[in-house]
file entry-v7.txt (compact mmCIF, C-alpha atoms)
# COMPACT_ATOMS: atom_id res chain seq x y z
CA MET X 186 10.61 1.26 -18.88
CA ILE X 187 7.05 0.36 -17.93
CA GLN X 188 5.20 -1.88 -20.38
CA GLU X 189 1.58 -0.88 -19.88
CA GLN X 190 -0.96 -3.57 -20.73
CA LEU X 191 -4.70 -4.03 -20.23
CA ARG X 192 -6.49 -7.20 -19.18
CA GLU X 193 -10.27 -7.40 -19.22
CA ASP X 194 -12.76 -10.06 -18.13
CA SER X 195 -16.20 -10.27 -16.54
CA ASP X 196 -14.74 -9.34 -13.14
CA GLY X 197 -13.11 -6.08 -14.18
CA VAL X 198 -10.39 -4.29 -16.14
CA ILE X 199 -6.75 -4.27 -15.04
CA VAL X 200 -3.94 -2.01 -16.21
CA PHE X 201 -0.51 -3.30 -15.23
CA ASP X 202 3.21 -3.19 -15.87
CA ALA X 203 3.87 -6.35 -17.89
CA ALA X 204 7.63 -5.89 -17.47
CA ARG X 205 7.27 -6.28 -13.71
CA THR X 206 4.43 -8.80 -13.39
CA PRO X 207 3.10 -10.37 -16.62
CA HIS X 208 0.80 -12.92 -14.93
CA ILE X 209 -1.45 -10.70 -12.85
CA ASP X 210 -5.17 -11.40 -12.57
CA ASN X 211 -8.15 -10.29 -10.46
CA HIS X 212 -7.10 -12.46 -7.52
CA TRP X 213 -4.26 -10.03 -6.86
CA PHE X 214 -6.79 -7.42 -5.73
CA VAL X 215 -8.56 -9.65 -3.18
CA PRO X 216 -7.05 -9.58 0.34
CA ASP X 217 -8.53 -13.01 1.18
CA PHE X 218 -6.60 -14.53 -1.73
CA TRP X 219 -3.31 -13.46 -0.13
CA HIS X 220 -4.54 -14.34 3.36
CA HIS X 221 -5.24 -17.96 2.37
CA GLN X 222 -1.70 -18.23 0.99
CA GLY X 223 -0.18 -16.79 4.15
CA ALA X 224 0.96 -13.80 2.10
CA LEU X 225 -1.12 -11.06 3.72
CA ARG X 226 1.42 -9.48 6.05
CA ALA X 227 -0.50 -6.56 7.47
CA GLN X 228 -3.42 -4.21 7.22
CA THR X 229 -2.47 -0.61 7.81
CA GLY X 230 -4.00 2.84 8.47
CA GLY X 231 -6.10 4.79 6.05
CA ARG X 232 -9.78 3.90 5.91
CA GLY X 233 -9.32 0.18 6.40
CA GLY X 234 -8.48 -0.61 2.79
CA ILE X 235 -4.65 -0.82 2.77
CA PHE X 236 -2.85 -4.19 2.90
CA ILE X 237 0.77 -5.29 2.62
CA ILE X 238 0.97 -8.41 0.46
CA LYS X 239 3.80 -10.76 -0.52
CA THR X 240 3.54 -11.22 -4.29
CA PRO X 241 5.74 -13.02 -6.84
CA THR X 242 7.14 -9.61 -7.74
CA GLY X 243 7.99 -8.74 -4.13
CA GLU X 244 6.19 -7.06 -1.25
CA CYS X 245 3.49 -4.66 -2.40
CA VAL X 246 0.84 -2.37 -1.01
CA LEU X 247 -2.75 -3.15 -2.04
CA ARG X 248 -5.07 -0.17 -1.60
CA HIS X 249 -8.83 -0.33 -2.02
CA TYR X 250 -10.28 3.07 -2.91
CA ARG X 251 -12.75 4.28 -0.33
CA ARG X 252 -14.33 7.66 0.15
CA GLY X 253 -13.92 9.76 3.27
CA GLY X 254 -16.23 11.98 5.26
CA TRP X 255 -19.92 12.30 4.40
CA ALA X 256 -19.38 10.71 0.97
CA ASN X 257 -18.25 7.50 2.66
CA ARG X 258 -21.53 7.29 4.57
CA LEU X 259 -23.48 7.82 1.36
CA LEU X 260 -21.48 5.91 -1.26
CA GLY X 261 -18.82 3.93 0.61
CA ASP X 262 -16.36 2.56 -1.95
CA ARG X 263 -18.46 3.36 -5.03
CA TYR X 264 -17.55 6.01 -7.59
CA PHE X 265 -19.60 7.40 -10.47
CA TRP X 266 -18.68 6.06 -13.90
CA TYR X 267 -17.50 8.64 -16.46
CA GLY X 268 -15.43 6.34 -18.65
CA ALA X 269 -12.35 4.19 -18.13
CA ARG X 270 -9.77 6.95 -18.60
CA HIS X 271 -11.46 9.00 -15.86
CA THR X 272 -11.42 6.24 -13.25
CA ARG X 273 -9.35 7.08 -10.21
CA PRO X 274 -7.10 3.98 -10.32
CA PHE X 275 -6.22 4.39 -14.00
CA ALA X 276 -5.52 8.11 -13.50
CA GLU X 277 -3.29 7.38 -10.50
CA PHE X 278 -1.52 4.53 -12.32
CA ARG X 279 -0.60 6.77 -15.23
CA LEU X 280 0.39 9.65 -12.98
CA LEU X 281 2.77 7.35 -11.08
CA VAL X 282 4.24 6.22 -14.41
CA GLU X 283 4.90 9.87 -15.25
CA LEU X 284 6.43 10.57 -11.84
CA ALA X 285 8.80 7.63 -12.34
CA ARG X 286 9.75 9.03 -15.75
CA ARG X 287 10.59 12.33 -14.05
CA ASP X 288 12.65 10.50 -11.41
CA LEU X 289 10.52 11.76 -8.52
CA PRO X 290 10.44 9.73 -5.28
CA ALA X 291 6.98 8.19 -5.42
CA PRO X 292 5.80 4.55 -5.17
CA ILE X 293 6.58 2.24 -8.08
CA VAL X 294 3.26 1.31 -9.61
CA VAL X 295 2.45 -2.35 -10.30
CA ALA X 296 -1.20 -2.51 -11.32
CA ALA X 297 -4.64 -0.91 -11.00
CA ARG X 298 -8.16 -2.26 -11.45
CA TYR X 299 -11.73 -1.08 -11.69
CA VAL X 300 -14.89 -3.17 -11.51
CA ARG X 301 -17.89 -1.49 -13.09
CA ARG X 302 -21.49 -2.14 -12.08
CA GLY X 303 -23.95 0.08 -13.92
CA LEU X 304 -23.46 3.74 -13.01
CA PHE X 305 -20.75 2.98 -10.46
CA TYR X 306 -17.36 1.32 -10.18
CA ARG X 307 -15.07 0.12 -7.40
CA ALA X 308 -11.31 0.30 -7.62
CA ASP X 309 -7.92 -0.88 -6.34
CA LEU X 310 -4.25 -0.02 -6.79
CA ILE X 311 -1.07 -2.05 -6.21
CA THR X 312 2.31 -0.37 -5.68
CA ALA X 313 5.70 -1.62 -4.55
CA TYR X 314 6.27 -1.57 -0.79
CA VAL X 315 9.00 0.69 0.62
CA PRO X 316 10.76 -1.52 3.21
CA GLY X 317 11.41 -0.12 6.64
CA ALA X 318 9.54 3.11 5.99
CA VAL X 319 7.50 5.02 8.56
CA THR X 320 5.27 8.00 7.96
CA LEU X 321 6.19 11.53 8.90
CA ALA X 322 3.23 11.38 11.31
CA GLN X 323 4.83 8.41 13.06
CA ARG X 324 8.17 10.19 13.30
CA LEU X 325 6.38 13.17 14.81
CA ALA X 326 4.59 10.95 17.35
CA MET X 327 7.96 9.47 18.36
CA GLY X 328 9.40 12.94 18.86
CA ARG X 329 11.83 12.36 15.99
CA LEU X 330 10.98 15.23 13.68
CA ASP X 331 14.12 17.33 13.93
CA VAL X 332 15.65 20.16 11.90
CA ASN X 333 17.41 17.83 9.44
CA LEU X 334 14.22 15.91 8.69
CA ALA X 335 12.18 19.11 8.40
CA GLU X 336 14.67 20.43 5.84
CA ALA X 337 14.60 17.15 3.93
CA VAL X 338 10.80 17.37 3.74
CA GLY X 339 11.15 20.89 2.34
CA VAL X 340 13.46 19.61 -0.41
CA LEU X 341 11.09 16.72 -1.18
CA LEU X 342 8.06 18.97 -1.62
CA ALA X 343 9.99 21.50 -3.69
CA ARG X 344 11.04 18.77 -6.13
CA PHE X 345 7.43 17.80 -6.74
CA HIS X 346 6.16 21.38 -6.92
CA ARG X 347 8.93 22.39 -9.29
CA SER X 348 7.72 19.61 -11.58
CA GLY X 349 4.13 20.89 -11.34
CA VAL X 350 2.80 18.05 -9.17
CA CYS X 351 -0.11 19.16 -7.01
CA HIS X 352 -0.89 16.58 -4.30
CA ALA X 353 -4.60 16.48 -3.40
CA ASP X 354 -4.10 15.43 0.22
CA LEU X 355 -0.68 16.58 1.40
CA ASN X 356 -0.47 15.58 5.06
CA ALA X 357 2.01 13.95 7.44
CA HIS X 358 0.57 10.48 6.78
CA ASN X 359 1.43 10.71 3.07
CA ILE X 360 5.17 11.34 3.49
CA LEU X 361 7.34 8.26 4.05
CA VAL X 362 10.73 8.32 5.77
CA SER X 363 13.09 5.42 5.05
CA ALA X 364 16.77 4.59 4.99
CA GLN X 365 16.65 5.10 1.21
CA GLY X 366 15.23 8.61 1.57
CA LEU X 367 11.85 10.35 1.62
CA TYR X 368 8.85 9.49 -0.54
CA LEU X 369 5.52 11.13 -1.25
CA ILE X 370 2.61 8.65 -1.49
CA ASP X 371 -1.13 8.47 -2.23
CA PHE X 372 -1.57 10.35 -5.50
CA ASP X 373 -5.34 9.81 -5.77
CA ARG X 374 -6.75 12.95 -7.48
CA ALA X 375 -3.27 14.49 -7.78
CA THR X 376 -2.59 16.52 -10.94
CA ILE X 377 0.29 17.93 -12.93
CA ARG X 378 -0.36 21.58 -13.63
CA ILE X 379 1.39 24.84 -14.44
CA PRO X 380 3.51 25.80 -11.42
CA GLN X 381 1.83 28.67 -9.56
CA ALA X 382 2.41 30.16 -6.13
CA SER X 383 -1.28 29.87 -5.16
CA TRP X 384 -1.67 26.09 -5.28
CA ARG X 385 1.87 25.52 -4.02
CA LEU X 386 1.11 27.62 -0.93
CA ALA X 387 -2.23 25.85 -0.41
CA ASN X 388 -0.38 22.50 -0.53
CA LEU X 389 2.14 23.65 2.06
CA GLN X 390 -0.51 25.07 4.37
CA ARG X 391 -2.41 21.80 4.25
CA LEU X 392 0.71 19.98 5.43
CA ARG X 393 1.33 22.57 8.13
CA ARG X 394 -2.21 22.13 9.52
CA SER X 395 -1.67 18.37 9.60
CA LEU X 396 1.62 18.72 11.49
CA VAL X 397 0.20 21.24 13.98
CA LYS X 398 -2.84 19.07 14.67
CA LEU X 399 -0.81 15.87 15.10
CA GLY X 400 1.89 17.61 17.08
CA ALA X 401 -0.58 18.97 19.61
CA ALA X 402 -2.67 15.81 20.02
CA LYS X 403 -2.83 14.50 23.60
CA ARG X 404 0.38 16.27 24.63
CA SER X 405 1.10 18.85 27.31
CA GLU X 406 3.63 20.47 24.99
CA PRO X 407 3.41 20.42 21.17
CA VAL X 408 6.18 18.41 19.46
CA PHE X 409 5.89 20.43 16.26
CA THR X 410 7.07 24.03 16.54
CA GLU X 411 7.09 27.11 14.36
CA GLY X 412 10.87 26.84 14.37
CA LEU X 413 10.72 23.46 12.62
CA TRP X 414 8.24 24.84 10.09
CA ALA X 415 10.56 27.77 9.40
CA HIS X 416 13.41 25.35 8.60
CA LEU X 417 11.10 23.37 6.32
CA ARG X 418 9.98 26.51 4.47
CA ARG X 419 13.50 27.88 4.03
CA SER X 420 14.70 24.55 2.65
CA TYR X 421 11.68 24.44 0.33
CA GLU X 422 12.29 27.98 -0.91
CA ARG X 423 16.02 27.40 -1.51
CA THR X 424 15.28 24.27 -3.54
CA ILE X 425 12.44 25.69 -5.60
CA GLY X 426 14.33 28.95 -6.22
CA ILE X 427 12.12 31.51 -4.51
call {"tool": "encode", "arguments": {"input": "entry-v7.txt", "output": "structure tokens"}}
result
Amino acid sequence: MIQEQLREDSDGVIVFDAARTPHIDNHWFVPDFWHHQGALRAQTGGRGGIFIIKTPTGECVLRHYRRGGWANRLLGDRYFWYGARHTRPFAEFRLLVELARRDLPAPIVVAARYVRRGLFYRADLITAYVPGAVTLAQRLAMGRLDVNLAEAVGVLLARFHRSGVCHADLNAHNILVSAQGLYLIDFDRATIRIPQASWRLANLQRLRRSLVKLGAAKRSEPVFTEGLWAHLRRSYERTIGI
């Protein structure tokens, strides 16, 4: 069971799992802190704000929230303040707690933080690292998205959708493939809602566009086919009970 606690000082407010890491402070959210200890293992993808760090509680992923698209050019990593419970890191922290309670394959949450300055705040999230995992996008680039994996992805998505979880950015970069199984990651702005065919279909179509785009990139022949998508959809529909 997660033991949620809050820690507040002049540098920000942290929500964390005291059962996993009772001694967390603001240094945990600063990449340079881990770098100086030789504990910053890698910086990965995204928008330049994702780091793998070696912490006393094990390897973790530190993600700094940063906007995309035109909003990034205007606001960068700043978000408007509407109260602590509406901050993106606290919302994602508590959603991940709920996903763990429902036994869904999502990252184990460690801590989240916001730092408020006037009308804006900046934010970070720490989750447990999944060892040996690669993204579905990487598997596709390696030509290793086969029928079995496509069907496993269908089962994964059906489990989340059956539980009412609507992912805000369902794409091939946010599905992890590991020896332990498949995981869905990055639940920023995700919601739990009443299961409906409309948003489920929109979620699936977003993933399909991602796979088609990545599968066709810089290749004479696409590595993602309609046949693979058909296997994914049939597996999804069997699992969700359509």
call {"tool": "atom_distance", "arguments": {"input": "entry-v7.txt", "atom1": "CA of Pro292 in chain X", "atom2": "CA of Leu355 in chain X"}}
result
15.2 Å
call {"tool": "closest_atom_pairs", "arguments": {"input": "entry-v7.txt", "of": "range 218-320 of chain X", "to": "range 188-204 of chain X", "cutoff": "7 Å", "atoms": "all atoms listed in the file", "output": "JSON lines"}}
result
{"residue": "X:Val295", "atom": "CA", "partner": "X:Asp202", "partner_atom": "CA", "distance": 5.7}
{"residue": "X:Ala296", "atom": "CA", "partner": "X:Phe201", "partner_atom": "CA", "distance": 4.0}
{"residue": "X:Ala297", "atom": "CA", "partner": "X:Val200", "partner_atom": "CA", "distance": 5.4}
{"residue": "X:Arg298", "atom": "CA", "partner": "X:Ile199", "partner_atom": "CA", "distance": 4.3}
{"residue": "X:Tyr299", "atom": "CA", "partner": "X:Val198", "partner_atom": "CA", "distance": 5.6}
{"residue": "X:Val300", "atom": "CA", "partner": "X:Gly197", "partner_atom": "CA", "distance": 4.3}
{"residue": "X:Arg301", "atom": "CA", "partner": "X:Gly197", "partner_atom": "CA", "distance": 6.7}
call {"tool": "atom_distance", "arguments": {"input": "entry-v7.txt", "atom1": "CA of Tyr267 in chain X", "atom2": "CA of Arg374 in chain X"}}
result
14.7 Å
call {"tool": "closest_residue", "arguments": {"input": "entry-v7.txt", "among": "X:Asp309, X:His220, X:Val282, X:Pro207", "to": "His249 in chain X", "atoms": "all atoms listed in the file"}}
result
X:Asp309
call {"tool": "residues_around", "arguments": {"input": "entry-v7.txt", "residues": "Ala224 in chain X", "least_positions_apart": "6", "cutoff": "9 Å", "atoms": "all atoms listed in the file", "output": "ChimeraX atom specification"}}
result
/X:218,237-240
